[in-house]
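Below is protein28.txt, holding compact mmCIF, C-alpha atoms.
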# COMPACT_ATOMS: atom_id res chain seq x y z
CA MET A 1 62.63 46.30 111.39
CA VAL A 2 64.99 47.81 108.83
CA GLN A 3 62.31 49.41 106.67
CA ILE A 4 60.71 51.27 109.54
CA ALA A 5 63.98 52.59 111.00
CA LEU A 6 64.88 53.84 107.57
CA GLY A 7 61.53 55.50 107.04
CA SER A 8 62.10 57.41 110.27
CA ASN A 9 65.45 58.75 109.07
CA ILE A 10 64.01 59.86 105.76
CA LEU A 11 61.11 61.53 107.52
CA GLY A 12 63.49 63.24 109.95
CA ALA A 13 65.50 64.76 107.10
CA ASN A 14 62.25 65.66 105.37
CA GLU A 15 61.01 67.48 108.45
CA LEU A 16 64.04 69.79 108.44
CA LEU A 17 63.59 70.63 104.76
CA ALA A 18 59.85 71.14 105.22
CA ARG A 19 60.61 73.65 107.96
CA LYS A 20 63.02 75.41 105.59
CA ASN A 21 60.32 75.59 102.90
CA ARG A 22 57.74 76.83 105.39
CA LYS A 23 60.08 79.64 106.43
CA LEU A 24 60.48 80.68 102.77
CA PHE A 25 56.70 80.66 102.33
CA GLU A 26 56.20 82.80 105.45
CA GLN A 27 58.72 85.48 104.41
CA ASP A 28 56.38 87.02 101.88
CA GLY A 29 53.09 85.54 102.98
CA THR A 30 52.84 83.08 100.09
CA LEU A 31 49.98 80.63 100.58
CA VAL A 32 51.03 77.11 99.57
CA ILE A 33 48.70 74.20 98.94
CA ASN A 34 49.62 70.53 98.72
CA LEU A 35 47.11 68.95 96.33
CA MET A 36 46.76 65.18 96.71
CA SER A 37 44.58 62.35 95.41
CA SER A 38 44.41 58.88 93.88
CA PRO A 39 45.52 58.61 90.27
CA GLY A 40 42.62 59.80 88.16
CA ALA A 41 40.60 61.53 90.87
CA GLY A 42 40.93 64.78 88.91
CA LYS A 43 43.65 66.92 90.55
CA THR A 44 44.87 68.44 87.29
CA THR A 45 41.43 69.15 85.88
CA ILE A 46 40.33 70.78 89.13
CA LEU A 47 43.53 72.81 89.13
CA GLU A 48 42.86 73.94 85.55
CA ARG A 49 39.32 74.98 86.48
CA SER A 50 40.53 76.74 89.62
CA LEU A 51 43.17 78.67 87.65
CA GLU A 52 40.53 79.75 85.12
CA GLU A 53 38.61 81.31 88.01
CA ILE A 54 41.50 83.11 89.71
CA THR A 55 44.23 83.82 87.13
CA GLY A 56 44.66 87.57 86.81
CA LYS A 57 43.49 88.16 90.37
CA LEU A 58 46.85 87.22 91.90
CA LYS A 59 50.31 85.88 91.09
CA ILE A 60 50.23 82.09 91.01
CA GLY A 61 52.96 79.46 90.71
CA VAL A 62 52.48 75.73 90.25
CA ILE A 63 54.83 72.86 91.11
CA GLU A 64 53.84 69.69 89.26
CA GLY A 65 54.88 66.32 90.66
CA ASP A 66 54.82 63.27 88.40
CA LEU A 67 56.72 60.03 88.07
CA TYR A 68 58.02 60.61 84.54
CA THR A 69 55.90 62.71 82.19
CA ASP A 70 55.29 66.46 81.95
CA GLN A 71 51.75 66.07 80.58
CA ASP A 72 50.18 67.86 83.54
CA ALA A 73 52.74 70.67 83.52
CA GLN A 74 51.97 71.25 79.85
CA ARG A 75 48.24 71.41 80.56
CA ILE A 76 48.71 73.81 83.47
CA GLY A 77 51.22 75.97 81.55
CA LYS A 78 48.44 76.81 79.09
CA LYS A 79 46.56 78.57 81.89
CA GLY A 80 49.11 81.40 81.90
CA VAL A 81 50.84 80.59 85.20
CA GLU A 82 54.43 79.70 85.98
CA VAL A 83 54.94 75.92 86.23
CA VAL A 84 57.89 73.87 87.41
CA GLN A 85 57.92 70.12 86.79
CA ILE A 86 59.37 67.66 89.29
CA ASN A 87 59.82 64.13 87.95
CA THR A 88 60.24 61.70 90.81
CA GLU A 89 61.53 58.94 88.45
CA GLY A 90 59.37 56.29 90.06
CA THR A 91 59.25 57.59 93.63
CA CYS A 92 55.66 57.47 94.87
CA HIS A 93 55.45 60.92 96.47
CA LEU A 94 56.99 64.39 96.57
CA ASP A 95 59.25 65.25 99.48
CA ALA A 96 60.29 68.57 100.96
CA GLY A 97 63.74 68.37 99.33
CA MET A 98 62.24 68.08 95.85
CA VAL A 99 60.02 71.09 96.53
CA ASN A 100 62.99 73.01 97.92
CA LYS A 101 64.85 72.41 94.69
CA ALA A 102 61.83 73.47 92.61
CA LEU A 103 61.72 76.75 94.56
CA GLU A 104 65.09 77.69 93.06
CA ARG A 105 63.30 78.02 89.73
CA LEU A 106 59.99 79.23 91.18
CA PRO A 107 60.91 81.67 93.96
CA ALA A 108 58.05 81.68 96.45
CA SER A 109 58.44 85.42 97.04
CA ASP A 110 57.30 86.07 93.43
CA TYR A 111 53.88 84.54 94.12
CA GLN A 112 50.92 85.01 96.41
CA LEU A 113 49.67 81.48 95.85
CA VAL A 114 51.56 78.28 95.01
CA PHE A 115 49.89 74.98 94.20
CA ILE A 116 51.94 71.82 94.60
CA GLU A 117 50.29 68.96 92.71
CA ASN A 118 51.56 65.76 94.31
CA VAL A 119 52.00 62.33 92.69
CA GLY A 120 48.67 60.49 92.33
CA ASN A 121 48.67 58.19 95.35
CA LEU A 122 46.52 57.94 98.49
CA VAL A 123 49.23 56.39 100.65
CA CYS A 124 52.78 57.76 100.43
CA PRO A 125 52.28 61.53 99.83
CA ALA A 126 50.31 61.82 103.07
CA GLU A 127 53.44 61.00 105.08
CA PHE A 128 55.58 63.83 103.74
CA ASP A 129 55.25 67.41 104.95
CA LEU A 130 56.31 69.71 102.11
CA GLY A 131 56.10 72.88 104.20
CA GLU A 132 52.66 73.71 102.79
CA ASP A 133 50.03 75.80 104.59
CA PHE A 134 47.48 73.07 104.18
CA ARG A 135 46.52 69.98 102.24
CA VAL A 136 43.67 69.59 99.81
CA VAL A 137 42.50 66.12 98.84
CA VAL A 138 40.61 65.64 95.60
CA PHE A 139 38.37 62.62 95.99
CA SER A 140 36.14 61.31 93.23
CA VAL A 141 32.70 59.80 93.84
CA ALA A 142 33.72 57.11 91.32
CA GLU A 143 36.25 55.81 93.87
CA GLY A 144 33.60 54.56 96.25
CA ASN A 145 32.64 55.28 99.86
CA ASP A 146 35.08 52.88 101.50
CA LYS A 147 38.20 54.94 100.74
CA LEU A 148 37.94 57.26 103.77
CA LEU A 149 38.29 54.43 106.26
CA LYS A 150 40.78 52.51 104.12
CA TYR A 151 43.16 55.46 103.68
CA PRO A 152 42.46 57.43 106.86
CA LEU A 153 45.75 59.35 107.11
CA ILE A 154 45.37 61.37 103.93
CA PHE A 155 41.78 62.29 104.77
CA ARG A 156 42.63 63.07 108.39
CA GLU A 157 45.37 65.50 107.39
CA ALA A 158 43.31 67.36 104.79
CA ARG A 159 42.02 70.81 105.53
CA VAL A 160 39.85 70.74 102.41
CA ILE A 161 38.26 67.87 100.51
CA LEU A 162 37.13 68.55 96.98
CA LEU A 163 34.53 65.85 96.35
CA ASN A 164 34.92 65.59 92.61
CA LYS A 165 33.04 64.10 89.63
CA ILE A 166 29.82 65.04 91.34
CA ASP A 167 28.29 64.91 87.83
CA LEU A 168 28.73 61.11 88.01
CA LEU A 169 26.96 60.80 91.37
CA ALA A 170 23.67 59.59 89.87
CA TYR A 171 25.45 56.82 87.95
CA THR A 172 27.38 55.41 90.92
CA ASP A 173 26.49 53.85 94.27
CA PHE A 174 28.31 56.61 96.15
CA SER A 175 26.38 57.88 99.19
CA LEU A 176 26.92 61.50 100.29
CA GLU A 177 25.39 60.64 103.68
CA LYS A 178 27.87 57.83 104.28
CA PHE A 179 30.71 60.09 103.16
CA GLN A 180 29.69 62.79 105.64
CA ALA A 181 29.26 60.25 108.44
CA ASP A 182 32.71 58.71 107.85
CA LEU A 183 34.34 62.13 107.56
CA ALA A 184 32.72 63.19 110.84
CA GLN A 185 34.61 60.30 112.43
CA ILE A 186 37.99 60.85 110.80
CA ASN A 187 38.20 64.59 110.31
CA PRO A 188 35.16 66.54 111.46
CA SER A 189 36.74 69.93 110.78
CA ALA A 190 37.53 69.27 107.10
CA ILE A 191 35.88 71.69 104.70
CA VAL A 192 34.11 69.95 101.83
CA PHE A 193 33.26 71.39 98.43
CA LEU A 194 31.22 69.35 95.94
CA VAL A 195 32.79 69.95 92.54
CA SER A 196 32.97 68.69 88.99
CA GLY A 197 36.14 69.20 87.01
CA ARG A 198 34.22 68.19 83.92
CA THR A 199 31.31 70.64 84.17
CA GLY A 200 32.95 73.25 86.41
CA GLU A 201 30.16 72.94 89.00
CA GLY A 202 31.16 74.05 92.48
CA VAL A 203 34.61 75.30 91.51
CA LYS A 204 33.73 78.96 92.14
CA ALA A 205 32.70 78.29 95.74
CA TRP A 206 36.06 76.60 96.34
CA THR A 207 38.16 79.32 94.69
CA GLU A 208 36.28 82.10 96.53
CA TRP A 209 37.09 80.39 99.81
CA LEU A 210 40.69 80.00 98.65
CA LEU A 211 41.05 83.70 97.74
CA GLU A 212 39.90 84.54 101.27
CA GLU A 213 42.66 82.32 102.64
CA VAL A 214 45.23 84.05 100.44
CA SER A 215 44.10 87.46 101.78
CA LYS A 216 44.23 86.21 105.35
CA LYS A 217 47.81 85.02 104.93
CA GLN A 218 48.88 88.22 103.14
CA ASN A 219 47.40 90.30 105.98
CA ARG A 220 49.33 88.34 108.54
CA PHE A 221 52.70 89.28 107.01
CA MET B 1 71.79 58.21 97.15
CA VAL B 2 70.74 56.47 100.34
CA GLN B 3 67.12 55.89 99.37
CA ILE B 4 67.99 54.11 96.12
CA ALA B 5 70.63 51.81 97.61
CA LEU B 6 68.14 50.86 100.25
CA GLY B 7 65.41 50.15 97.74
CA SER B 8 67.76 47.72 96.01
CA ASN B 9 68.37 45.76 99.20
CA ILE B 10 64.69 45.47 99.95
CA LEU B 11 64.00 44.37 96.39
CA GLY B 12 66.84 41.83 96.56
CA ALA B 13 65.37 40.24 99.68
CA ASN B 14 61.95 40.38 98.07
CA GLU B 15 63.21 38.56 95.02
CA LEU B 16 64.35 35.60 97.12
CA LEU B 17 61.01 35.35 98.91
CA ALA B 18 59.10 35.72 95.63
CA ARG B 19 61.07 32.78 94.25
CA LYS B 20 60.17 30.79 97.38
CA ASN B 21 56.47 31.62 96.89
CA ARG B 22 56.62 30.74 93.20
CA LYS B 23 58.09 27.36 94.05
CA LEU B 24 55.19 26.72 96.47
CA PHE B 25 52.69 27.69 93.78
CA GLU B 26 54.32 25.37 91.25
CA GLN B 27 54.28 22.31 93.53
CA ASP B 28 50.59 21.71 93.03
CA GLY B 29 49.93 23.79 89.97
CA THR B 30 48.15 26.60 91.83
CA LEU B 31 47.49 29.60 89.60
CA VAL B 32 48.17 32.85 91.45
CA ILE B 33 47.07 36.30 90.37
CA ASN B 34 48.32 39.63 91.67
CA LEU B 35 45.40 42.05 91.34
CA MET B 36 46.42 45.71 91.31
CA SER B 37 44.86 49.13 90.73
CA SER B 38 44.41 52.68 91.97
CA PRO B 39 42.29 53.12 95.06
CA GLY B 40 38.69 52.93 93.95
CA ALA B 41 39.22 51.43 90.51
CA GLY B 42 37.10 48.47 91.55
CA LYS B 43 39.39 45.54 92.41
CA THR B 44 37.18 44.19 95.18
CA THR B 45 33.92 44.52 93.26
CA ILE B 46 35.44 42.82 90.22
CA LEU B 47 36.77 40.07 92.47
CA GLU B 48 33.31 39.60 94.00
CA ARG B 49 31.76 39.35 90.54
CA SER B 50 34.48 36.97 89.37
CA LEU B 51 33.97 34.73 92.38
CA GLU B 52 30.22 34.63 91.74
CA GLU B 53 30.99 33.24 88.28
CA ILE B 54 33.53 30.61 89.30
CA THR B 55 32.90 29.57 92.92
CA GLY B 56 31.97 25.89 93.01
CA LYS B 57 33.95 25.19 89.85
CA LEU B 58 37.29 25.07 91.66
CA LYS B 59 38.96 25.63 95.01
CA ILE B 60 39.80 29.31 95.46
CA GLY B 61 41.76 31.20 98.09
CA VAL B 62 42.05 34.97 98.45
CA ILE B 63 44.78 37.04 100.12
CA GLU B 64 43.54 40.55 100.85
CA GLY B 65 46.06 43.38 101.23
CA ASP B 66 45.00 46.58 102.92
CA LEU B 67 46.63 49.27 105.01
CA TYR B 68 44.47 48.83 108.10
CA THR B 69 40.90 47.62 107.63
CA ASP B 70 39.45 44.19 106.84
CA GLN B 71 36.45 45.59 104.96
CA ASP B 72 37.42 43.89 101.71
CA ALA B 73 38.19 40.55 103.38
CA GLN B 74 34.73 40.65 104.95
CA ARG B 75 33.11 41.32 101.57
CA ILE B 76 35.07 38.54 99.88
CA GLY B 77 34.47 36.08 102.75
CA LYS B 78 30.75 36.25 101.97
CA LYS B 79 31.43 34.68 98.59
CA GLY B 80 32.22 31.33 100.22
CA VAL B 81 35.98 31.28 99.65
CA GLU B 82 38.87 31.18 102.10
CA VAL B 83 40.28 34.65 102.81
CA VAL B 84 43.39 35.76 104.65
CA GLN B 85 43.83 39.43 105.49
CA ILE B 86 47.23 41.14 105.39
CA ASN B 87 47.30 44.58 107.00
CA THR B 88 50.39 46.47 105.88
CA GLU B 89 49.96 49.08 108.66
CA GLY B 90 50.62 51.98 106.32
CA THR B 91 53.02 50.32 103.87
CA CYS B 92 51.98 51.18 100.33
CA HIS B 93 52.27 47.71 98.77
CA LEU B 94 52.37 43.98 99.49
CA ASP B 95 55.73 42.25 99.37
CA ALA B 96 56.67 38.61 98.88
CA GLY B 97 57.41 38.16 102.60
CA MET B 98 53.89 39.24 103.59
CA VAL B 99 52.43 36.80 101.07
CA ASN B 100 54.73 34.06 102.31
CA LYS B 101 53.41 34.59 105.82
CA ALA B 102 49.80 34.55 104.61
CA LEU B 103 50.46 31.20 102.92
CA GLU B 104 50.98 29.65 106.36
CA ARG B 105 47.28 30.18 106.95
CA LEU B 106 46.23 29.64 103.33
CA PRO B 107 48.33 26.72 102.04
CA ALA B 108 48.62 27.11 98.28
CA SER B 109 48.38 23.35 97.79
CA ASP B 110 44.76 23.45 99.01
CA TYR B 111 43.71 25.68 96.11
CA GLN B 112 43.70 25.67 92.33
CA LEU B 113 43.41 29.45 92.13
CA VAL B 114 44.61 32.15 94.51
CA PHE B 115 43.84 35.84 94.10
CA ILE B 116 46.10 38.33 95.85
CA GLU B 117 44.39 41.70 96.06
CA ASN B 118 47.15 44.28 96.46
CA VAL B 119 46.99 47.67 98.20
CA GLY B 120 45.24 50.29 96.05
CA ASN B 121 48.18 52.14 94.49
CA LEU B 122 49.46 52.51 90.92
CA VAL B 123 53.09 53.07 91.90
CA CYS B 124 54.60 50.90 94.63
CA PRO B 125 52.92 47.48 94.16
CA ALA B 126 54.28 47.29 90.60
CA GLU B 127 57.84 47.06 91.92
CA PHE B 128 57.32 43.97 94.08
CA ASP B 129 57.18 40.48 92.65
CA LEU B 130 55.00 38.36 94.93
CA GLY B 131 55.72 35.10 93.10
CA GLU B 132 52.45 35.33 91.17
CA ASP B 133 51.85 33.74 87.76
CA PHE B 134 50.74 37.05 86.34
CA ARG B 135 49.44 40.48 87.14
CA VAL B 136 45.99 41.85 86.47
CA VAL B 137 45.43 45.60 86.55
CA VAL B 138 41.92 46.91 87.12
CA PHE B 139 41.69 50.33 85.50
CA SER B 140 38.56 52.46 85.60
CA VAL B 141 37.44 54.68 82.71
CA ALA B 142 36.71 57.31 85.37
CA GLU B 143 40.47 57.63 85.97
CA GLY B 144 41.12 59.20 82.59
CA ASN B 145 43.23 58.30 79.56
CA ASP B 146 46.50 59.82 80.75
CA LYS B 147 47.19 57.16 83.40
CA LEU B 148 48.85 54.63 81.07
CA LEU B 149 51.69 56.95 80.16
CA LYS B 150 51.92 58.46 83.64
CA TYR B 151 52.20 55.08 85.42
CA PRO B 152 53.82 52.97 82.69
CA LEU B 153 55.43 50.30 84.88
CA ILE B 154 52.22 48.84 86.28
CA PHE B 155 50.60 48.73 82.84
CA ARG B 156 53.73 47.31 81.20
CA GLU B 157 53.92 44.44 83.66
CA ALA B 158 50.24 43.48 83.41
CA ARG B 159 49.24 40.38 81.50
CA VAL B 160 45.57 41.38 81.73
CA ILE B 161 43.87 44.75 82.01
CA LEU B 162 40.29 44.80 83.19
CA LEU B 163 38.98 48.11 81.88
CA ASN B 164 36.33 48.71 84.49
CA LYS B 165 33.29 50.97 85.03
CA ILE B 166 32.55 50.65 81.35
CA ASP B 167 28.96 51.57 82.32
CA LEU B 168 30.28 55.09 83.02
CA LEU B 169 31.98 55.42 79.61
CA ALA B 170 29.22 57.55 78.10
CA TYR B 171 29.40 60.02 81.00
CA THR B 172 33.18 60.55 80.88
CA ASP B 173 35.68 61.86 78.33
CA PHE B 174 37.51 58.54 78.26
CA SER B 175 38.48 57.41 74.75
CA LEU B 176 38.76 53.68 74.05
CA GLU B 177 40.76 54.47 70.90
CA LYS B 178 43.33 56.49 72.80
CA PHE B 179 43.52 53.75 75.44
CA GLN B 180 44.23 51.11 72.78
CA ALA B 181 46.80 53.31 71.06
CA ASP B 182 48.69 54.02 74.31
CA LEU B 183 48.55 50.38 75.33
CA ALA B 184 49.93 49.35 71.94
CA GLN B 185 52.98 51.47 72.79
CA ILE B 186 53.50 50.30 76.37
CA ASN B 187 52.32 46.72 76.38
CA PRO B 188 50.98 45.44 73.04
CA SER B 189 50.53 41.87 74.28
CA ALA B 190 48.26 42.78 77.22
CA ILE B 191 44.85 41.15 77.11
CA VAL B 192 42.01 43.61 77.70
CA PHE B 193 38.51 42.84 78.92
CA LEU B 194 35.89 45.60 79.11
CA VAL B 195 33.99 45.04 82.34
CA SER B 196 31.63 46.64 84.80
CA GLY B 197 31.77 45.63 88.43
CA ARG B 198 28.50 47.44 88.94
CA THR B 199 26.43 45.76 86.21
CA GLY B 200 28.47 42.58 85.81
CA GLU B 201 28.97 43.25 82.08
CA GLY B 202 32.00 41.51 80.60
CA VAL B 203 32.91 39.58 83.75
CA LYS B 204 31.99 36.22 82.22
CA ALA B 205 34.40 36.67 79.30
CA TRP B 206 37.20 37.39 81.76
CA THR B 207 36.44 34.47 84.08
CA GLU B 208 36.13 32.04 81.15
CA TRP B 209 39.59 33.07 79.99
CA LEU B 210 40.82 32.71 83.58
CA LEU B 211 39.41 29.18 83.95
CA GLU B 212 41.31 28.22 80.80
CA GLU B 213 44.50 29.51 82.39
CA VAL B 214 43.82 27.49 85.55
CA SER B 215 43.38 24.32 83.43
CA LYS B 216 46.57 25.04 81.51
CA LYS B 217 48.57 25.36 84.71
CA GLN B 218 46.98 22.25 86.25
CA ASN B 219 47.83 20.26 83.13
CA ARG B 220 51.43 21.35 83.30
CA PHE B 221 51.89 19.81 86.77
Represent the structure from my file as structure tokens, please.
Amino acid sequence: MVQIALGSNILGANELLARKNRKLFEQDGTLVINLMSSPGAGKTTILERSLEEITGKLKIGVIEGDLYTDQDAQRIGKKGVEVVQINTEGTCHLDAGMVNKALERLPASDYQLVFIENVGNLVCPAEFDLGEDFRVVVFSVAEGNDKLLKYPLIFREARVILLNKIDLLAYTDFSLEKFQADLAQINPSAIVFLVSGRTGEGVKAWTEWLLEEVSKKQNRF
Amino acid sequence: MVQIALGSNILGANELLARKNRKLFEQDGTLVINLMSSPGAGKTTILERSLEEITGKLKIGVIEGDLYTDQDAQRIGKKGVEVVQINTEGTCHLDAGMVNKALERLPASDYQLVFIENVGNLVCPAEFDLGEDFRVVVFSVAEGNDKLLKYPLIFREARVILLNKIDLLAYTDFSLEKFQADLAQINPSAIVFLVSGRTGEGVKAWTEWLLEEVSKKQNRF
């Protein structure tokens, strides 16, 4: 089938560029996170909250991926970190080449931690390695329990899942037990933090873990 | 650029198949709806609620699009309508060819109303005409106000927007005023129904409007 053959070529080229990015990130021990979710799961709000916790403690860069607007980049820029916007002009995911280009304006060696906020989409971003250290999926309880089994790839590839909008839990039918049971099937080693971008609950536990990971990577290089 | 040229070819082929589907739908005056949203915005629950209101009043078929599972088809099958499952095996949207194939098992002429539930994704499905009469976007207040301007295509192409999870409105920062103002910019003629899949609120207003549309199409043929 034409589409599939094509996808393979694109992914092959992407793999080479992802390797190039990864090499750049290793040179100075920069920890790089690929932040993914559905539209509206709360990536940007969680990123804002996370930056409030850790800005000043280390040098942080952010690469913002969006179809057209720079709304998120503007929000993140107010947190006192360097931000580079990538507009995909309708493409449903970031790829390693786009990130490579962004690194010309945001040299990885200047930062200890780089967040890449992907396009809001549970399908396409999961297929593209950007050269990141690991992937973090923001998943909102308002999205419903069935999403883990319906979009298994993105959840399988995540090192961390930030289970967001936990403040809405009581007003939804979301079951934490079912979530844990499904995750045990798909990705038993994923680390889960219960968070609320709205109230800030749980964000500190996540950022403390993250700072540890930054130290670990710095010590390795 | 290779990717873009390719996209055009796929869309060109899609356009021909969409026309073929549309012709089938016109033969017997079948009204066909392409139901789209983010993952977790509530398409399936709204469809269940809608079917509860209108089953028995007319002959209804449902085409369910999902990456891998048939969870939604199983849910919808319990509502006493005919359901055909399309598994895209990782592809981020339905296309007209997939729908055309599904119609072999769900002949449009047997039904007055066909719902096509697309893959949960705000980006890719918007680019593929399936031959439908019109598009309905389910959008949850839990997704946040910024989505209209960030994903303009899907909202621009919608005839109807079902603003869902209205029962959560009081617990979120979602602003109905901002939503209306943004929509007035992008798609002023869109018809909006405030609904809750969870409580059933507002579903009757939507299905009454829909039944009118079915009659209108039947009377035209």
Determine, counting all atoms listed in the file, which protein, DNA and RNA residues have an atom within 12 Å of an atom of Lys43 in chain A; residues of the same chain fewer than 5 positions away are not included. Present the result as an MDAnalysis selection string.
(chainID A and resid 34:38 48:50 64:66 72 75:76 115:121 136:140 161:165 195:198) or (chainID B and resid 143:144)
I need the chosen residues saved as a CSV table (one decimal), keeping the file's coordinate frame, with C-alpha atoms.
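The resulting file, selection.csv, is reproduced below:
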chain,number,residue,atom,x,y,z
A,34,ASN,CA,49.6,70.5,98.7
A,35,LEU,CA,47.1,69.0,96.3
A,36,MET,CA,46.8,65.2,96.7
A,37,SER,CA,44.6,62.4,95.4
A,38,SER,CA,44.4,58.9,93.9
A,48,GLU,CA,42.9,73.9,85.6
A,49,ARG,CA,39.3,75.0,86.5
A,50,SER,CA,40.5,76.7,89.6
A,64,GLU,CA,53.8,69.7,89.3
A,65,GLY,CA,54.9,66.3,90.7
A,66,ASP,CA,54.8,63.3,88.4
A,72,ASP,CA,50.2,67.9,83.5
A,75,ARG,CA,48.2,71.4,80.6
A,76,ILE,CA,48.7,73.8,83.5
A,115,PHE,CA,49.9,75.0,94.2
A,116,ILE,CA,51.9,71.8,94.6
A,117,GLU,CA,50.3,69.0,92.7
A,118,ASN,CA,51.6,65.8,94.3
A,119,VAL,CA,52.0,62.3,92.7
A,120,GLY,CA,48.7,60.5,92.3
A,121,ASN,CA,48.7,58.2,95.4
A,136,VAL,CA,43.7,69.6,99.8
A,137,VAL,CA,42.5,66.1,98.8
A,138,VAL,CA,40.6,65.6,95.6
A,139,PHE,CA,38.4,62.6,96.0
A,140,SER,CA,36.1,61.3,93.2
A,161,ILE,CA,38.3,67.9,100.5
A,162,LEU,CA,37.1,68.6,97.0
A,163,LEU,CA,34.5,65.8,96.4
A,164,ASN,CA,34.9,65.6,92.6
A,165,LYS,CA,33.0,64.1,89.6
A,195,VAL,CA,32.8,70.0,92.5
A,196,SER,CA,33.0,68.7,89.0
A,197,GLY,CA,36.1,69.2,87.0
A,198,ARG,CA,34.2,68.2,83.9
B,143,GLU,CA,40.5,57.6,86.0
B,144,GLY,CA,41.1,59.2,82.6
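Proximity of A:Lys150, A:Arg22, A:Lys216, A:Arg135 to chain B, computed with all atoms listed in the file, is greatest for A:Lys150.
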Show me, as a PyMOL selection string, every residue of chain A with an atom at most 9 Å from chain B, counting all atoms listed in the file.
chain A and resi 3+6+10+38-42+66-71+90-92+120-124+140+142-147+149-153+165+167-168+171-173+198
Take the residues from that selection and write them out as a CSV table (one decimal), in the coordinates of the input, keeping C-alpha atoms.
chain,number,residue,atom,x,y,z
A,3,GLN,CA,62.3,49.4,106.7
A,6,LEU,CA,64.9,53.8,107.6
A,10,ILE,CA,64.0,59.9,105.8
A,38,SER,CA,44.4,58.9,93.9
A,39,PRO,CA,45.5,58.6,90.3
A,40,GLY,CA,42.6,59.8,88.2
A,41,ALA,CA,40.6,61.5,90.9
A,42,GLY,CA,40.9,64.8,88.9
A,66,ASP,CA,54.8,63.3,88.4
A,67,LEU,CA,56.7,60.0,88.1
A,68,TYR,CA,58.0,60.6,84.5
A,69,THR,CA,55.9,62.7,82.2
A,70,ASP,CA,55.3,66.5,82.0
A,71,GLN,CA,51.8,66.1,80.6
A,90,GLY,CA,59.4,56.3,90.1
A,91,THR,CA,59.2,57.6,93.6
A,92,CYS,CA,55.7,57.5,94.9
A,120,GLY,CA,48.7,60.5,92.3
A,121,ASN,CA,48.7,58.2,95.4
A,122,LEU,CA,46.5,57.9,98.5
A,123,VAL,CA,49.2,56.4,100.6
A,124,CYS,CA,52.8,57.8,100.4
A,140,SER,CA,36.1,61.3,93.2
A,142,ALA,CA,33.7,57.1,91.3
A,143,GLU,CA,36.2,55.8,93.9
A,144,GLY,CA,33.6,54.6,96.2
A,145,ASN,CA,32.6,55.3,99.9
A,146,ASP,CA,35.1,52.9,101.5
A,147,LYS,CA,38.2,54.9,100.7
A,149,LEU,CA,38.3,54.4,106.3
A,150,LYS,CA,40.8,52.5,104.1
A,151,TYR,CA,43.2,55.5,103.7
A,152,PRO,CA,42.5,57.4,106.9
A,153,LEU,CA,45.8,59.4,107.1
A,165,LYS,CA,33.0,64.1,89.6
A,167,ASP,CA,28.3,64.9,87.8
A,168,LEU,CA,28.7,61.1,88.0
A,171,TYR,CA,25.4,56.8,88.0
A,172,THR,CA,27.4,55.4,90.9
A,173,ASP,CA,26.5,53.8,94.3
A,198,ARG,CA,34.2,68.2,83.9
As a check of understanding: the span from CA of Gln185 in chain A to CA of Glu89 in chain B is 19.4 Å
How far is it from CA of Ile154 in chain A to CA of Ala126 in chain A, in Å with one decimal?
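Spanning CA of Ile154 in chain A to CA of Ala126 in chain A is a straight-line distance of 5.0 Å.
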Using all atoms listed in the file, find the one residue out of B:Gly61, B:Gly77, B:Pro188, B:Gly202 that sits nearest to Thr30 in chain B.
B:Gly61
I'd like the neighbourhood of Ala102 in chain B as a PDB file with C-alpha atoms, in the coordinates of the input, where a residue qualifies if any of its atoms comes within 10 Å (using all atoms listed in the file), though same-chain residues fewer than 5 positions away should be ignored.
ATOM      1  CA  VAL B  62      42.050  34.970  98.450  1.00  0.00           C
ATOM      2  CA  ILE B  63      44.780  37.040 100.120  1.00  0.00           C
ATOM      3  CA  GLU B  64      43.540  40.550 100.850  1.00  0.00           C
ATOM      4  CA  VAL B  83      40.280  34.650 102.810  1.00  0.00           C
ATOM      5  CA  VAL B  84      43.390  35.760 104.650  1.00  0.00           C
ATOM      6  CA  GLN B  85      43.830  39.430 105.490  1.00  0.00           C
ATOM      7  CA  ILE B  86      47.230  41.140 105.390  1.00  0.00           C
ATOM      8  CA  ALA B  96      56.670  38.610  98.880  1.00  0.00           C
ATOM      9  CA  GLY B  97      57.410  38.160 102.600  1.00  0.00           C
ATOM     10  CA  PRO B 107      48.330  26.720 102.040  1.00  0.00           C
ATOM     11  CA  ALA B 108      48.620  27.110  98.280  1.00  0.00           C
TER      12      ALA B 108
END
With a distance cut-off of 12 Å and only C-alpha atoms, select the neighbouring residues of Val81 in chain B, excluding the residue or stretch itself and same-chain residues fewer than 6 positions from it, and output the selection as a compact mmCIF listing (two decimals) with C-alpha atoms, keeping the file's coordinate frame.
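Below you can see result_24.txt, which holds the result:
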# COMPACT_ATOMS: atom_id res chain seq x y z
CA LEU B 47 36.77 40.07 92.47
CA GLU B 48 33.31 39.60 94.00
CA SER B 50 34.48 36.97 89.37
CA LEU B 51 33.97 34.73 92.38
CA GLU B 52 30.22 34.63 91.74
CA ILE B 54 33.53 30.61 89.30
CA THR B 55 32.90 29.57 92.92
CA GLY B 56 31.97 25.89 93.01
CA LYS B 57 33.95 25.19 89.85
CA LEU B 58 37.29 25.07 91.66
CA LYS B 59 38.96 25.63 95.01
CA ILE B 60 39.80 29.31 95.46
CA GLY B 61 41.76 31.20 98.09
CA VAL B 62 42.05 34.97 98.45
CA ILE B 63 44.78 37.04 100.12
CA ALA B 73 38.19 40.55 103.38
CA GLN B 74 34.73 40.65 104.95
CA ARG B 75 33.11 41.32 101.57
CA LEU B 106 46.23 29.64 103.33
CA ASP B 110 44.76 23.45 99.01
CA TYR B 111 43.71 25.68 96.11
CA LEU B 113 43.41 29.45 92.13
CA VAL B 114 44.61 32.15 94.51
CA PHE B 115 43.84 35.84 94.10
